[in-house]
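These notes concern the structure reproduced below.
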Amino acid sequence: MNDITTFVFDVDGVLTDGSVFVTNEGEMLRTMNIRDGYAIKAAIESGYKVCIISGGSNEGVRIRLRNLGVNDIHLGTPDKVKTLNEYVEINNIKHENVLYMGDDIPDFHVMKLVGLPTCPQDASPEIKNICRYISHVKGGRGAVRDVIEQVMKVQGKWMEYFNGKHD
């Protein structure tokens, strides 16, 4: 965790619990955890890069993430490996400095490329088998907050962020 400079997150099953509420009009609604959002904002304001790579393409998700300060949002992504490789190349980031949190098979190959593959407690067994850190928290219930907080604490930046700046 000492070398992490960049957080990359999947959406469904990581930032959400994977549930979808479908309205009569066919709109699919998701819920996100406020504490995850708070940690994302803290990470960005502390100088970390945060990137979202998801196969889903809900515009409400994009709006929520933009409001948190996330600029690198890749929704509707059919090839997560290609997207990650382009992202790290454009931003001059080493794969070993990336923490990726995913929860299911579409994340498998991209997670094998990063320095710190992580997952929520309720991730699929295949994903858990390749992770170096498994959160004690389920997806959409604070798993993102957990990994961001762990990294920032190891690097001495968690409480530093809160010292007088962000009440």
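Each chain in the structure tokens gets a letter, A, B, ..., in the order shown, and its residues are numbered from 1; ligands are numbered from 1 in order too.
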For Asp146 of chain A, please output as a ChimeraX atom specification all residues within 8 Å (counting only C-alpha atoms; exclusion window: fewer than 3 positions along the same chain). /A:135,137,142-143,149-150
Proximity of segment 30-107 of chain A to segment 153-163 of chain A: per-residue shortest pair, 12 Å limit, only C-alpha atoms, as CSV:
residue,atom,partner,partner_atom,distance
A:Tyr38,CA,A:Tyr161,CA,11.6
A:Ala39,CA,A:Trp158,CA,9.4
A:Ile40,CA,A:Trp158,CA,11.8
A:Lys41,CA,A:Tyr161,CA,10.5
A:Ala42,CA,A:Tyr161,CA,6.9
A:Ala43,CA,A:Trp158,CA,8.7
A:Ile44,CA,A:Tyr161,CA,10.6
A:Glu45,CA,A:Tyr161,CA,8.2
A:Ser46,CA,A:Tyr161,CA,6.8
A:Gly47,CA,A:Lys157,CA,10.0
A:Tyr48,CA,A:Lys157,CA,10.6
Those residues with N, CA and C atoms, as a PDB file, in the first residue's frame please?
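Writing the result to out13.pdb gives the following:
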ATOM      1  N   TYR A  38     -17.185  10.143   0.219  1.00  0.00           N
ATOM      2  CA  TYR A  38     -16.353  11.018   1.054  1.00  0.00           C
ATOM      3  C   TYR A  38     -14.879  10.633   0.933  1.00  0.00           C
ATOM      4  N   ALA A  39     -14.616   9.332   0.925  1.00  0.00           N
ATOM      5  CA  ALA A  39     -13.236   8.858   0.808  1.00  0.00           C
ATOM      6  C   ALA A  39     -12.658   9.147  -0.573  1.00  0.00           C
ATOM      7  N   ILE A  40     -13.469   9.002  -1.612  1.00  0.00           N
ATOM      8  CA  ILE A  40     -13.006   9.332  -2.968  1.00  0.00           C
ATOM      9  C   ILE A  40     -12.602  10.799  -3.035  1.00  0.00           C
ATOM     10  N   LYS A  41     -13.442  11.649  -2.497  1.00  0.00           N
ATOM     11  CA  LYS A  41     -13.144  13.080  -2.484  1.00  0.00           C
ATOM     12  C   LYS A  41     -11.862  13.372  -1.695  1.00  0.00           C
ATOM     13  N   ALA A  42     -11.700  12.714  -0.551  1.00  0.00           N
ATOM     14  CA  ALA A  42     -10.491  12.885   0.266  1.00  0.00           C
ATOM     15  C   ALA A  42      -9.255  12.441  -0.500  1.00  0.00           C
ATOM     16  N   ALA A  43      -9.354  11.329  -1.221  1.00  0.00           N
ATOM     17  CA  ALA A  43      -8.216  10.833  -1.990  1.00  0.00           C
ATOM     18  C   ALA A  43      -7.819  11.823  -3.085  1.00  0.00           C
ATOM     19  N   ILE A  44      -8.806  12.299  -3.819  1.00  0.00           N
ATOM     20  CA  ILE A  44      -8.525  13.247  -4.904  1.00  0.00           C
ATOM     21  C   ILE A  44      -7.895  14.525  -4.348  1.00  0.00           C
ATOM     22  N   GLU A  45      -8.475  15.052  -3.292  1.00  0.00           N
ATOM     23  CA  GLU A  45      -7.958  16.294  -2.708  1.00  0.00           C
ATOM     24  C   GLU A  45      -6.595  16.097  -2.038  1.00  0.00           C
ATOM     25  N   SER A  46      -6.223  14.843  -1.779  1.00  0.00           N
ATOM     26  CA  SER A  46      -4.906  14.543  -1.209  1.00  0.00           C
ATOM     27  C   SER A  46      -3.871  14.213  -2.268  1.00  0.00           C
ATOM     28  N   GLY A  47      -4.260  14.312  -3.549  1.00  0.00           N
ATOM     29  CA  GLY A  47      -3.308  14.147  -4.634  1.00  0.00           C
ATOM     30  C   GLY A  47      -3.308  12.799  -5.332  1.00  0.00           C
ATOM     31  N   TYR A  48      -4.174  11.894  -4.939  1.00  0.00           N
ATOM     32  CA  TYR A  48      -4.267  10.608  -5.625  1.00  0.00           C
ATOM     33  C   TYR A  48      -5.076  10.757  -6.912  1.00  0.00           C
TER      34      TYR A  48
END
Give me the residues near segment 57-67 of chain A as a list of chain:residue names, where near means some atom within 7 Å (using only C-alpha atoms) and where sequence neighbours in that chain fewer than 5 positions away do not count.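 The residues satisfying every condition are A:Ile73, A:Leu75, A:Gly76.
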For atom CA of Ile93 of chain A and atom CA of Val144 of chain A, determine how far apart the two atoms are, in Å to one decimal place.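 Separation between atom CA of Ile93 of chain A and atom CA of Val144 of chain A: 20.7 Å.
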Pick out each residue of chain A that DSSP on the backbone tags as helix (DSSP H, G or I); I need them as a ChimeraX atom specification. /A:34-45,59-67,80-90,95-97,105-111,125-130,143-154,158-162
Who sits within 12 Å of Asn85 of chain A, only C-alpha atoms, same chain under 4 positions skipped, as a count of residues only: 18
How many Å lie between atom CA of Met152 of chain A and atom CA of Thr6 of chain A, rounded to one decimal?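 Interatomic distance, atom CA of Met152 of chain A to atom CA of Thr6 of chain A: 11.4 Å.
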Which residues are near Thr118 of chain A? Cut-off 6 Å, only C-alpha atoms, ignore same chain within fewer than 5 positions. Put them as a ChimeraX atom specification. /A:100-101,131,133-134
